[in-house]
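Visitor: Here you go, upload36.txt (compact mmCIF, C-alpha atoms):
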# COMPACT_ATOMS: atom_id res chain seq x y z
CA MET A 22 96.20 73.02 109.82
CA ASP A 23 96.54 72.31 113.52
CA LYS A 24 94.41 74.15 116.03
CA ASN A 25 97.25 75.13 118.30
CA SER A 26 99.06 77.13 115.63
CA PHE A 27 95.78 78.71 114.61
CA TYR A 28 95.07 80.02 118.12
CA GLN A 29 98.63 81.27 118.49
CA GLY A 30 98.18 83.15 115.23
CA ILE A 31 94.95 84.72 116.50
CA ARG A 32 96.72 85.96 119.62
CA ALA A 33 99.55 87.45 117.55
CA ALA A 34 96.96 89.39 115.52
CA LEU A 35 95.69 91.53 118.40
CA PRO A 36 97.92 94.58 117.77
CA ILE A 37 96.87 94.51 114.11
CA VAL A 38 93.20 94.38 115.13
CA PHE A 39 93.60 97.55 117.20
CA GLY A 40 95.18 99.25 114.21
CA TYR A 41 92.71 97.98 111.60
CA LEU A 42 89.44 98.72 113.40
CA PRO A 43 89.84 102.54 113.45
CA VAL A 44 91.48 102.78 110.02
CA GLY A 45 88.78 100.46 108.62
CA MET A 46 86.14 102.76 110.10
CA ALA A 47 87.83 105.75 108.46
CA PHE A 48 87.69 103.84 105.17
CA GLY A 49 83.99 103.10 105.66
CA VAL A 50 83.22 106.75 106.37
CA LEU A 51 85.15 107.98 103.32
CA ALA A 52 83.69 105.27 101.10
CA ARG A 53 80.20 106.43 102.10
CA LYS A 54 81.21 110.01 101.36
CA ALA A 55 82.39 108.94 97.89
CA GLY A 56 78.96 107.41 97.24
CA LEU A 57 79.56 103.73 98.01
CA THR A 58 76.89 101.79 99.89
CA PRO A 59 77.84 99.95 103.12
CA SER A 60 77.67 96.62 101.25
CA GLU A 61 79.97 97.96 98.53
CA ALA A 62 82.45 99.25 101.13
CA GLY A 63 82.29 95.92 102.98
CA GLY A 64 82.53 93.97 99.71
CA MET A 65 85.66 95.88 98.74
CA SER A 66 87.22 95.25 102.17
CA PHE A 67 86.33 91.55 101.90
CA LEU A 68 87.53 90.92 98.34
CA VAL A 69 90.35 93.44 97.83
CA TYR A 70 91.63 93.81 101.42
CA ALA A 71 94.45 96.26 100.73
CA GLY A 72 94.15 99.45 102.79
CA ALA A 73 96.18 102.01 100.86
CA SER A 74 94.74 101.01 97.48
CA GLN A 75 91.17 101.05 98.86
CA PHE A 76 91.66 104.61 100.15
CA ILE A 77 93.13 105.61 96.80
CA ALA A 78 90.24 103.94 94.94
CA VAL A 79 87.69 105.79 97.05
CA GLU A 80 89.52 109.07 96.46
CA MET A 81 89.54 108.40 92.69
CA ILE A 82 85.85 107.40 92.70
CA SER A 83 84.95 110.65 94.48
CA LYS A 84 86.81 112.57 91.74
CA GLY A 85 84.84 110.68 89.10
CA ALA A 86 87.55 108.32 87.83
CA LEU A 87 86.63 105.37 85.62
CA TRP A 88 87.28 101.77 86.59
CA PHE A 89 90.32 101.19 84.40
CA PRO A 90 92.66 103.85 85.86
CA ILE A 91 91.54 102.78 89.36
CA ILE A 92 92.34 99.12 88.71
CA LEU A 93 95.70 100.02 87.11
CA THR A 94 96.61 102.20 90.10
CA THR A 95 95.51 99.41 92.46
CA PHE A 96 97.79 97.02 90.60
CA PHE A 97 100.79 99.33 90.96
CA VAL A 98 100.08 100.11 94.61
CA ASN A 99 99.78 96.43 95.54
CA LEU A 100 102.66 95.17 93.43
CA ARG A 101 104.84 95.50 96.52
CA HIS A 102 103.17 92.35 97.94
CA PHE A 103 105.03 90.41 95.25
CA LEU A 104 108.24 90.74 97.24
CA MET A 105 106.53 89.86 100.55
CA SER A 106 104.92 86.79 99.01
CA SER A 107 108.30 85.75 97.59
CA THR A 108 109.83 86.09 101.04
CA LEU A 109 107.02 84.10 102.71
CA SER A 110 107.18 81.34 100.08
CA LEU A 111 110.65 80.44 101.36
CA GLN A 112 109.06 79.42 104.69
CA PHE A 113 106.71 76.83 103.20
CA ASN A 114 106.87 73.59 101.27
CA ARG A 115 104.63 70.59 100.58
CA HIS A 116 101.33 72.47 100.87
CA PRO A 117 98.45 72.34 98.36
CA LEU A 118 97.79 75.35 96.12
CA ARG A 119 94.48 76.16 97.84
CA THR A 120 96.39 76.72 101.10
CA PHE A 121 98.62 79.24 99.35
CA ALA A 122 95.62 80.87 97.70
CA LEU A 123 94.06 81.39 101.14
CA LEU A 124 97.27 82.71 102.70
CA ALA A 125 98.04 84.96 99.73
CA ALA A 126 94.56 86.50 99.61
CA GLN A 127 94.96 87.83 103.15
CA LEU A 128 98.57 88.98 102.93
CA THR A 129 99.06 92.59 104.03
CA ASP A 130 102.03 94.78 105.03
CA GLU A 131 101.06 94.50 108.69
CA SER A 132 100.46 90.74 108.81
CA PHE A 133 103.71 90.24 106.89
CA ALA A 134 105.57 92.43 109.41
CA VAL A 135 104.13 90.50 112.37
CA ALA A 136 104.72 87.11 110.69
CA MET A 137 108.33 87.95 109.87
CA SER A 138 109.05 89.24 113.37
CA ASP A 139 109.54 85.59 114.38
CA VAL A 140 110.08 83.36 111.36
CA SER A 141 110.26 80.19 113.47
CA ARG A 142 106.53 80.52 114.23
CA ILE A 143 105.46 80.45 110.56
CA THR A 144 107.86 77.93 109.05
CA ASN A 145 105.60 75.20 107.65
CA ARG A 146 102.78 76.28 109.96
CA PRO A 147 100.12 77.70 107.61
CA GLY A 148 97.61 77.50 110.48
CA TYR A 149 99.49 80.18 112.41
CA LEU A 150 99.59 82.55 109.45
CA PHE A 151 95.95 81.82 108.65
CA GLY A 152 94.82 82.64 112.22
CA LEU A 153 96.88 85.83 112.23
CA GLN A 154 95.58 86.98 108.88
CA MET A 155 91.94 85.90 109.25
CA ILE A 156 91.41 87.88 112.45
CA SER A 157 93.12 90.92 110.92
CA HIS A 158 90.91 90.63 107.84
CA LEU A 159 87.75 90.35 109.99
CA ALA A 160 88.77 93.49 111.90
CA TRP A 161 89.26 95.33 108.61
CA ILE A 162 85.85 94.23 107.24
CA GLY A 163 84.12 94.96 110.55
CA GLY A 164 85.67 98.43 110.78
CA SER A 165 84.75 99.24 107.17
CA VAL A 166 81.12 98.21 107.48
CA GLY A 167 80.81 99.94 110.88
CA GLY A 168 82.29 103.14 109.49
CA ALA A 169 80.07 103.00 106.41
CA LEU A 170 76.92 102.56 108.52
CA PHE A 171 77.96 105.10 111.15
CA GLY A 172 79.43 107.57 108.64
CA GLU A 173 76.03 108.85 107.57
CA LEU A 174 75.42 110.21 111.06
CA VAL A 175 78.58 112.32 111.10
CA GLY A 176 78.71 115.76 109.53
CA HIS A 177 82.07 115.24 107.86
CA GLU A 178 82.90 118.84 106.94
CA ARG A 179 82.62 119.87 110.57
CA VAL A 180 85.13 117.41 111.98
CA GLY A 181 87.77 118.01 109.33
CA LEU A 182 87.16 114.76 107.46
CA PRO A 183 88.19 116.16 104.03
CA PHE A 184 91.74 116.19 105.37
CA ALA A 185 91.69 112.65 106.83
CA LEU A 186 92.91 111.02 103.62
CA PRO A 187 95.52 113.65 102.72
CA ALA A 188 96.88 113.34 106.29
CA LEU A 189 96.95 109.53 106.02
CA PHE A 190 98.77 109.66 102.67
CA ILE A 191 101.25 112.27 103.93
CA CYS A 192 102.09 110.06 106.90
CA LEU A 193 102.40 106.88 104.80
CA LEU A 194 104.61 108.83 102.38
CA VAL A 195 106.86 110.24 105.11
CA LEU A 196 107.24 106.77 106.70
CA GLN A 197 108.49 105.43 103.35
CA ILE A 198 111.27 108.04 102.98
CA LYS A 199 114.18 105.96 104.20
CA ASN A 200 117.04 107.62 102.33
CA LEU A 201 118.01 110.61 100.21
CA LEU A 202 117.28 108.80 96.96
CA LEU A 203 113.68 108.08 98.00
CA PHE A 204 113.38 111.74 98.96
CA GLY A 205 114.45 112.57 95.41
CA VAL A 206 111.86 110.12 94.00
CA MET A 207 109.21 111.82 96.14
CA ILE A 208 110.11 115.27 94.79
CA LEU A 209 110.20 114.00 91.18
CA ALA A 210 106.87 112.16 91.52
CA GLY A 211 105.33 115.30 93.03
CA ILE A 212 106.53 117.48 90.14
CA PHE A 213 105.59 114.90 87.47
CA SER A 214 102.13 114.33 88.92
CA ILE A 215 101.34 118.05 89.04
CA PHE A 216 102.58 118.49 85.48
CA VAL A 217 100.77 115.42 84.09
CA LYS A 218 97.53 116.30 85.87
CA TRP A 219 97.73 119.83 84.49
CA ALA A 220 98.56 118.66 80.95
CA LEU A 221 96.35 115.58 80.70
CA PRO A 222 92.70 115.40 81.71
CA GLY A 223 91.53 112.33 83.62
CA HIS A 224 93.21 110.32 86.33
CA TRP A 225 96.26 108.92 84.61
CA TYR A 226 98.57 111.20 86.51
CA ILE A 227 99.04 108.80 89.46
CA PRO A 228 100.29 105.68 87.60
CA LEU A 229 102.10 107.75 84.92
CA ALA A 230 103.94 110.03 87.34
CA ALA A 231 104.72 107.11 89.68
CA LEU A 232 106.26 105.00 86.88
CA LEU A 233 108.24 107.97 85.52
CA ALA A 234 109.59 108.91 88.95
CA SER A 235 110.49 105.38 90.04
CA GLY A 236 112.03 104.77 86.61
CA ALA A 237 114.16 107.86 87.21
CA GLY A 238 115.00 106.43 90.64
CA VAL A 239 116.25 103.18 89.06
CA PHE A 240 118.29 105.23 86.57
CA MET A 241 119.87 107.25 89.41
CA LYS A 242 120.68 104.10 91.39
CA THR A 243 122.30 102.44 88.37
CA LEU A 244 124.34 105.56 87.63
CA TRP A 245 125.41 105.82 91.23
CA ARG A 246 126.53 102.20 91.32
CA ALA A 247 128.40 102.45 88.02
CA ARG A 248 130.35 105.42 89.32
CA ARG A 249 131.50 103.65 92.47
CA MET B 2 75.37 96.55 94.71
CA ARG B 3 75.68 98.42 91.45
CA GLU B 4 77.06 96.53 88.48
CA GLU B 5 79.89 99.03 87.89
CA MET B 6 81.01 98.70 91.51
CA ILE B 7 81.03 94.90 91.24
CA THR B 8 83.23 95.18 88.12
CA LEU B 9 85.54 97.60 89.93
CA ILE B 10 85.80 95.53 93.11
CA LEU B 11 86.40 92.27 91.21
CA GLY B 12 89.03 93.93 89.01
CA MET B 13 90.79 95.38 92.04
CA ALA B 14 90.59 92.00 93.79
CA VAL B 15 92.19 90.16 90.84
CA VAL B 16 95.10 92.59 90.36
CA THR B 17 95.71 92.61 94.13
CA PHE B 18 95.53 88.82 94.47
CA LEU B 19 97.92 87.92 91.64
CA PRO B 20 101.10 89.57 93.01
CA ARG B 21 100.25 88.14 96.44
CA PHE B 22 99.66 84.63 95.09
CA LEU B 23 102.05 84.02 92.19
CA PRO B 24 105.33 84.01 94.14
CA MET B 25 103.90 81.62 96.74
CA ALA B 26 102.37 79.44 94.06
CA LEU B 27 105.43 79.39 91.81
CA PHE B 28 107.03 78.35 94.97
CA THR B 29 110.55 77.83 93.82
CA ARG B 30 113.15 80.46 94.49
CA TRP B 31 111.98 83.28 92.33
CA VAL B 32 114.81 85.42 91.06
CA ILE B 33 113.41 88.86 90.36
CA PRO B 34 115.39 90.82 87.75
CA GLU B 35 117.46 93.45 89.52
CA LYS B 36 115.98 96.39 87.58
CA VAL B 37 112.46 95.27 88.54
CA GLN B 38 113.48 94.94 92.18
CA LEU B 39 114.89 98.49 92.13
CA LEU B 40 111.65 99.76 90.57
CA LEU B 41 109.55 97.99 93.22
CA GLU B 42 111.55 99.68 95.97
CA ASP B 43 110.66 103.15 94.69
CA LEU B 44 107.05 102.59 93.59
CA PRO B 45 105.32 103.07 96.98
CA VAL B 46 106.99 106.47 97.52
CA ALA B 47 106.32 107.54 93.93
CA ILE B 48 102.64 106.55 94.07
CA LEU B 49 101.99 108.22 97.42
CA SER B 50 103.80 111.37 96.31
CA ALA B 51 101.84 111.49 93.04
CA ILE B 52 98.65 111.35 95.10
CA VAL B 53 99.65 113.89 97.76
CA PHE B 54 101.12 116.85 95.91
CA PRO B 55 98.34 117.51 93.36
CA ILE B 56 95.89 117.78 96.30
CA PHE B 57 97.42 121.18 97.14
CA LEU B 58 97.15 122.62 93.62
CA PHE B 59 93.95 121.28 92.10
CA GLY B 60 90.30 121.78 93.07
CA GLY B 61 87.71 119.02 93.35
CA ASP B 62 86.77 119.56 89.69
CA GLY B 63 90.36 118.85 88.59
CA ALA B 64 91.11 122.45 87.53
CA PHE B 65 94.38 124.12 88.54
CA ASP B 66 93.55 126.09 91.68
CA LEU B 67 95.73 126.63 94.78
CA GLN B 68 94.22 125.02 97.91
CA PRO B 69 95.62 127.10 100.82
CA ARG B 70 93.67 125.23 103.52
CA PHE B 71 95.06 121.85 102.44
CA LEU B 72 98.56 123.27 101.89
CA ILE B 73 98.79 124.96 105.30
CA ALA B 74 97.33 121.94 107.12
CA ALA B 75 99.81 119.65 105.35
CA ILE B 76 102.99 121.36 106.61
CA PRO B 77 102.60 120.45 110.33
CA ILE B 78 101.50 116.93 109.32
CA PHE B 79 104.70 116.35 107.33
CA ILE B 80 106.69 117.41 110.40
CA PHE B 81 104.52 115.44 112.87
CA ALA B 82 104.64 112.27 110.74
CA TRP B 83 108.42 112.57 110.40
CA LYS B 84 109.03 113.12 114.14
CA VAL B 85 106.31 110.96 115.75
CA ARG B 86 105.79 108.34 112.99
CA SER B 87 102.19 107.69 114.01
CA ILE B 88 99.61 107.06 111.29
CA TRP B 89 96.54 107.41 113.46
CA GLY B 90 98.01 110.48 115.24
CA SER B 91 98.70 112.16 111.91
CA VAL B 92 95.13 111.59 110.74
CA ILE B 93 93.54 112.95 113.93
CA LEU B 94 95.91 115.94 114.17
CA GLY B 95 95.42 116.70 110.47
CA MET B 96 91.63 116.69 110.83
CA VAL B 97 91.83 118.99 113.89
CA ILE B 98 94.16 121.46 112.14
CA TYR B 99 92.07 121.45 108.96
CA TRP B 100 88.93 121.98 111.03
CA GLY B 101 90.59 124.86 112.95
CA LEU B 102 91.79 126.52 109.75
CA GLY B 103 88.15 126.73 108.65
CA PHE B 104 87.62 129.50 111.22
CA ILE B 105 90.58 131.57 109.96
CA LEU B 106 90.57 131.16 106.18
Now, as a test, write the supplied structure out as structure tokens.

Guide:
Amino acid sequence: MDKNSFYQGIRAALPIVFGYLPVGMAFGVLARKAGLTPSEAGGMSFLVYAGASQFIAVEMISKGALWFPIILTTFFVNLRHFLMSSTLSLQFNRHPLRTFALLAAQLTDESFAVAMSDVSRITNRPGYLFGLQMISHLAWIGGSVGGALFGELVGHERVGLPFALPALFICLLVLQIKNLLLFGVMILAGIFSIFVKWALPGHWYIPLAALLASGAGVFMKTLWRARR
Amino acid sequence: MREEMITLILGMAVVTFLPRFLPMALFTRWVIPEKVQLLLEDLPVAILSAIVFPIFLFGGDGAFDLQPRFLIAAIPIFIFAWKVRSIWGSVILGMVIYWGLGFIL
């Protein structure tokens, strides 16, 4: 990896750092609230490093979920990286597996978006992608640990913190609604999840309802295409 | 760290790492079956929706119980997120509205 690419990558990461520090802090605060220690919150941010799924995991932990449904949900939430990794793999050849392991471990929606904004800068330059992703990852870990340490000092009920996660999820959900079909999937998943949660104790409602609704989405798309 | 948390974090790390790593590692042009690709497109929306909507109808103990404070706070956030498309803005505004509703409800 050459140093020049690495430093260019670091510079490209700055907007991500400004985004990750506050959201990481919010994660640290909520992780504390769910009963995680600062080292556990930091450990999760270091080893898992996937924002949405970490927030979901913390939410599920606070509701008393067991490890298996949490890990299954994490798997489904982060499956989307499969497509991003496939896209990135087209930009590289002739690199050892450990390089790909390093790049893959730090792949996120945001770093992917920044990396793909100018493909010429990443083509066969793993150093650039590594610099970009490493600084982003450090910001995420730093924010999480800071939030977890600082979180104890904040009276969360007073500042409206119980609604921080619902608001985050609502916004992430709304940003994903790109067409009428996805709106339909949203409505179906909402109905399914309420029904499954009501009918079935435990925390299976998220993966079950999500698979049912997106399965229905695939069915609708196939029908639509067949008709045209 | 507690043992159960280490298990959880390692499990989450493995299932997160594999979909990030395998396509890069397999390295050749990976042709994803079309049905799977269609499913992947819808999964993020479906997962987020399955998380959001039960929040309004179930209490912290998991019992069916309308949550008016969450429901009322959610409506302006849906609109704000749609119009402004700001994650951090939605979180701050949501917290302020939820906090304000505490005085009324």

Visitor: Hey, which bits of chain A sit within 7 Å of chain B, and for each residue what's the closest pair of atoms and how far apart in Å (one decimal), counting only C-alpha atoms, rows by chain and increasing number, as JSON lines?

Guide:
{"residue": "A:Ser60", "atom": "CA", "partner": "B:Met2", "partner_atom": "CA", "distance": 6.9}
{"residue": "A:Glu61", "atom": "CA", "partner": "B:Met2", "partner_atom": "CA", "distance": 6.1}
{"residue": "A:Met65", "atom": "CA", "partner": "B:Ile10", "partner_atom": "CA", "distance": 5.6}
{"residue": "A:Leu68", "atom": "CA", "partner": "B:Ala14", "partner_atom": "CA", "distance": 5.6}
{"residue": "A:Val69", "atom": "CA", "partner": "B:Ala14", "partner_atom": "CA", "distance": 4.3}
{"residue": "A:Lys84", "atom": "CA", "partner": "B:Gly61", "partner_atom": "CA", "distance": 6.7}
{"residue": "A:Trp88", "atom": "CA", "partner": "B:Leu9", "partner_atom": "CA", "distance": 5.6}
{"residue": "A:Ile92", "atom": "CA", "partner": "B:Met13", "partner_atom": "CA", "distance": 5.2}
{"residue": "A:Thr95", "atom": "CA", "partner": "B:Met13", "partner_atom": "CA", "distance": 6.2}
{"residue": "A:Phe96", "atom": "CA", "partner": "B:Val16", "partner_atom": "CA", "distance": 5.2}
{"residue": "A:Val98", "atom": "CA", "partner": "B:Pro45", "partner_atom": "CA", "distance": 6.5}
{"residue": "A:Asn99", "atom": "CA", "partner": "B:Thr17", "partner_atom": "CA", "distance": 5.8}
{"residue": "A:Leu100", "atom": "CA", "partner": "B:Pro20", "partner_atom": "CA", "distance": 5.8}
{"residue": "A:Arg101", "atom": "CA", "partner": "B:Leu41", "partner_atom": "CA", "distance": 6.3}
{"residue": "A:His102", "atom": "CA", "partner": "B:Arg21", "partner_atom": "CA", "distance": 5.3}
{"residue": "A:Phe103", "atom": "CA", "partner": "B:Pro20", "partner_atom": "CA", "distance": 4.6}
{"residue": "A:Ser106", "atom": "CA", "partner": "B:Arg21", "partner_atom": "CA", "distance": 5.5}
{"residue": "A:Ser107", "atom": "CA", "partner": "B:Pro24", "partner_atom": "CA", "distance": 4.9}
{"residue": "A:Ser110", "atom": "CA", "partner": "B:Met25", "partner_atom": "CA", "distance": 4.7}
{"residue": "A:Leu118", "atom": "CA", "partner": "B:Ala26", "partner_atom": "CA", "distance": 6.5}
{"residue": "A:Phe121", "atom": "CA", "partner": "B:Met25", "partner_atom": "CA", "distance": 6.4}
{"residue": "A:Ala122", "atom": "CA", "partner": "B:Phe22", "partner_atom": "CA", "distance": 6.1}
{"residue": "A:Ala125", "atom": "CA", "partner": "B:Phe22", "partner_atom": "CA", "distance": 4.9}
{"residue": "A:Ala126", "atom": "CA", "partner": "B:Phe18", "partner_atom": "CA", "distance": 5.7}
{"residue": "A:Leu128", "atom": "CA", "partner": "B:Arg21", "partner_atom": "CA", "distance": 6.8}
{"residue": "A:Arg179", "atom": "CA", "partner": "B:Trp100", "partner_atom": "CA", "distance": 6.7}
{"residue": "A:Val180", "atom": "CA", "partner": "B:Trp100", "partner_atom": "CA", "distance": 6.0}
{"residue": "A:Gly181", "atom": "CA", "partner": "B:Met96", "partner_atom": "CA", "distance": 4.3}
{"residue": "A:Leu182", "atom": "CA", "partner": "B:Met96", "partner_atom": "CA", "distance": 5.9}
{"residue": "A:Phe184", "atom": "CA", "partner": "B:Met96", "partner_atom": "CA", "distance": 5.5}
{"residue": "A:Ala185", "atom": "CA", "partner": "B:Val92", "partner_atom": "CA", "distance": 5.3}
{"residue": "A:Pro187", "atom": "CA", "partner": "B:Val53", "partner_atom": "CA", "distance": 6.5}
{"residue": "A:Ala188", "atom": "CA", "partner": "B:Val92", "partner_atom": "CA", "distance": 5.1}
{"residue": "A:Leu189", "atom": "CA", "partner": "B:Val92", "partner_atom": "CA", "distance": 5.5}
{"residue": "A:Phe190", "atom": "CA", "partner": "B:Leu49", "partner_atom": "CA", "distance": 6.3}
{"residue": "A:Ile191", "atom": "CA", "partner": "B:Phe79", "partner_atom": "CA", "distance": 6.3}
{"residue": "A:Cys192", "atom": "CA", "partner": "B:Ala82", "partner_atom": "CA", "distance": 5.1}
{"residue": "A:Leu194", "atom": "CA", "partner": "B:Leu49", "partner_atom": "CA", "distance": 5.6}
{"residue": "A:Val195", "atom": "CA", "partner": "B:Trp83", "partner_atom": "CA", "distance": 6.0}
{"residue": "A:Leu196", "atom": "CA", "partner": "B:Arg86", "partner_atom": "CA", "distance": 6.6}
{"residue": "A:Gln197", "atom": "CA", "partner": "B:Val46", "partner_atom": "CA", "distance": 6.1}
{"residue": "A:Leu203", "atom": "CA", "partner": "B:Asp43", "partner_atom": "CA", "distance": 6.7}
{"residue": "A:Val206", "atom": "CA", "partner": "B:Ala47", "partner_atom": "CA", "distance": 6.1}
{"residue": "A:Met207", "atom": "CA", "partner": "B:Ser50", "partner_atom": "CA", "distance": 5.4}
{"residue": "A:Ala210", "atom": "CA", "partner": "B:Ala47", "partner_atom": "CA", "distance": 5.2}
{"residue": "A:Gly211", "atom": "CA", "partner": "B:Ala51", "partner_atom": "CA", "distance": 5.2}
{"residue": "A:Ser214", "atom": "CA", "partner": "B:Ala51", "partner_atom": "CA", "distance": 5.0}
{"residue": "A:Ile215", "atom": "CA", "partner": "B:Pro55", "partner_atom": "CA", "distance": 5.3}
{"residue": "A:Trp219", "atom": "CA", "partner": "B:Phe65", "partner_atom": "CA", "distance": 6.8}
{"residue": "A:Ile227", "atom": "CA", "partner": "B:Ala51", "partner_atom": "CA", "distance": 5.3}
{"residue": "A:Pro228", "atom": "CA", "partner": "B:Ile48", "partner_atom": "CA", "distance": 6.9}
{"residue": "A:Ala230", "atom": "CA", "partner": "B:Ala51", "partner_atom": "CA", "distance": 6.2}
{"residue": "A:Ala231", "atom": "CA", "partner": "B:Ala47", "partner_atom": "CA", "distance": 4.6}
{"residue": "A:Ala234", "atom": "CA", "partner": "B:Ala47", "partner_atom": "CA", "distance": 6.1}
{"residue": "A:Ser235", "atom": "CA", "partner": "B:Asp43", "partner_atom": "CA", "distance": 5.2}
{"residue": "A:Gly236", "atom": "CA", "partner": "B:Leu40", "partner_atom": "CA", "distance": 6.4}
{"residue": "A:Gly238", "atom": "CA", "partner": "B:Asp43", "partner_atom": "CA", "distance": 6.8}
{"residue": "A:Val239", "atom": "CA", "partner": "B:Leu39", "partner_atom": "CA", "distance": 5.8}

Visitor: Find the residues near His158 (chain A): any atom within 10 Å, counting only C-alpha atoms, skip ones fewer than 5 places away on the same chain, and give them as a ChimeraX atom specification.

Guide: /A:34,37-38,41-42,66-67,70-71,126-129,132,152-153,163-164

Visitor: What lies within 10 Å of Leu51 (chain A) using all atoms listed in the file, ignoring chain neighbours under 6 positions off, as a list in words?

Guide: Gly45, Leu57, Ala62, Phe76, Val79, Glu80, Ser83, Ser165, Gly168, Ala169, Gly172, His177, Leu182, Pro183, Ala185 and Leu186 of chain A

Visitor: Figure out the distance between CA of Met81 (chain A) and CA of Gly56 (chain A), please, to one decimal in Å.

Guide: 11.6 Å

Visitor: Start from the incomplete input, build N, CA, C and O atoms for region 81-93 of chain B, and deliver everything as a PDB file, in the coordinates of the input.

Guide:
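In the end it all went to selection_18.pdb:
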ATOM      1  N   PHE B  81     104.992 116.362 111.828  1.00  0.00           N
ATOM      2  CA  PHE B  81     104.520 115.440 112.870  1.00  0.00           C
ATOM      3  C   PHE B  81     104.789 113.990 112.459  1.00  0.00           C
ATOM      4  O   PHE B  81     105.295 113.185 113.252  1.00  0.00           O
ATOM      5  N   ALA B  82     104.461 113.650 111.210  1.00  0.00           N
ATOM      6  CA  ALA B  82     104.640 112.270 110.740  1.00  0.00           C
ATOM      7  C   ALA B  82     106.115 111.890 110.771  1.00  0.00           C
ATOM      8  O   ALA B  82     106.469 110.763 111.122  1.00  0.00           O
ATOM      9  N   TRP B  83     106.982 112.840 110.418  1.00  0.00           N
ATOM     10  CA  TRP B  83     108.420 112.570 110.400  1.00  0.00           C
ATOM     11  C   TRP B  83     108.941 112.334 111.817  1.00  0.00           C
ATOM     12  O   TRP B  83     109.701 111.405 112.064  1.00  0.00           O
ATOM     13  N   LYS B  84     108.498 113.191 112.776  1.00  0.00           N
ATOM     14  CA  LYS B  84     109.030 113.120 114.140  1.00  0.00           C
ATOM     15  C   LYS B  84     108.377 111.988 114.935  1.00  0.00           C
ATOM     16  O   LYS B  84     109.050 111.242 115.634  1.00  0.00           O
ATOM     17  N   VAL B  85     107.044 111.880 114.868  1.00  0.00           N
ATOM     18  CA  VAL B  85     106.310 110.960 115.750  1.00  0.00           C
ATOM     19  C   VAL B  85     106.070 109.606 115.087  1.00  0.00           C
ATOM     20  O   VAL B  85     105.948 108.598 115.757  1.00  0.00           O
ATOM     21  N   ARG B  86     105.986 109.579 113.754  1.00  0.00           N
ATOM     22  CA  ARG B  86     105.790 108.340 112.990  1.00  0.00           C
ATOM     23  C   ARG B  86     104.532 107.597 113.417  1.00  0.00           C
ATOM     24  O   ARG B  86     104.549 106.382 113.576  1.00  0.00           O
ATOM     25  N   SER B  87     103.454 108.333 113.636  1.00  0.00           N
ATOM     26  CA  SER B  87     102.190 107.690 114.010  1.00  0.00           C
ATOM     27  C   SER B  87     101.130 107.972 112.950  1.00  0.00           C
ATOM     28  O   SER B  87     100.821 109.127 112.662  1.00  0.00           O
ATOM     29  N   ILE B  88     100.594 106.899 112.356  1.00  0.00           N
ATOM     30  CA  ILE B  88      99.610 107.060 111.290  1.00  0.00           C
ATOM     31  C   ILE B  88      98.319 107.636 111.846  1.00  0.00           C
ATOM     32  O   ILE B  88      97.789 108.635 111.349  1.00  0.00           O
ATOM     33  N   TRP B  89      97.823 106.999 112.909  1.00  0.00           N
ATOM     34  CA  TRP B  89      96.540 107.410 113.460  1.00  0.00           C
ATOM     35  C   TRP B  89      96.648 108.829 114.040  1.00  0.00           C
ATOM     36  O   TRP B  89      95.741 109.644 113.879  1.00  0.00           O
ATOM     37  N   GLY B  90      97.779 109.143 114.709  1.00  0.00           N
ATOM     38  CA  GLY B  90      98.010 110.480 115.240  1.00  0.00           C
ATOM     39  C   GLY B  90      98.017 111.530 114.153  1.00  0.00           C
ATOM     40  O   GLY B  90      97.443 112.612 114.313  1.00  0.00           O
ATOM     41  N   SER B  91      98.646 111.211 113.024  1.00  0.00           N
ATOM     42  CA  SER B  91      98.700 112.160 111.910  1.00  0.00           C
ATOM     43  C   SER B  91      97.302 112.459 111.376  1.00  0.00           C
ATOM     44  O   SER B  91      96.981 113.610 111.055  1.00  0.00           O
ATOM     45  N   VAL B  92      96.481 111.409 111.282  1.00  0.00           N
ATOM     46  CA  VAL B  92      95.130 111.590 110.740  1.00  0.00           C
ATOM     47  C   VAL B  92      94.302 112.475 111.668  1.00  0.00           C
ATOM     48  O   VAL B  92      93.661 113.446 111.227  1.00  0.00           O
ATOM     49  N   ILE B  93      94.328 112.164 112.967  1.00  0.00           N
ATOM     50  CA  ILE B  93      93.540 112.950 113.930  1.00  0.00           C
ATOM     51  C   ILE B  93      94.021 114.403 113.971  1.00  0.00           C
ATOM     52  O   ILE B  93      93.231 115.350 113.875  1.00  0.00           O
TER      53      ILE B  93
END
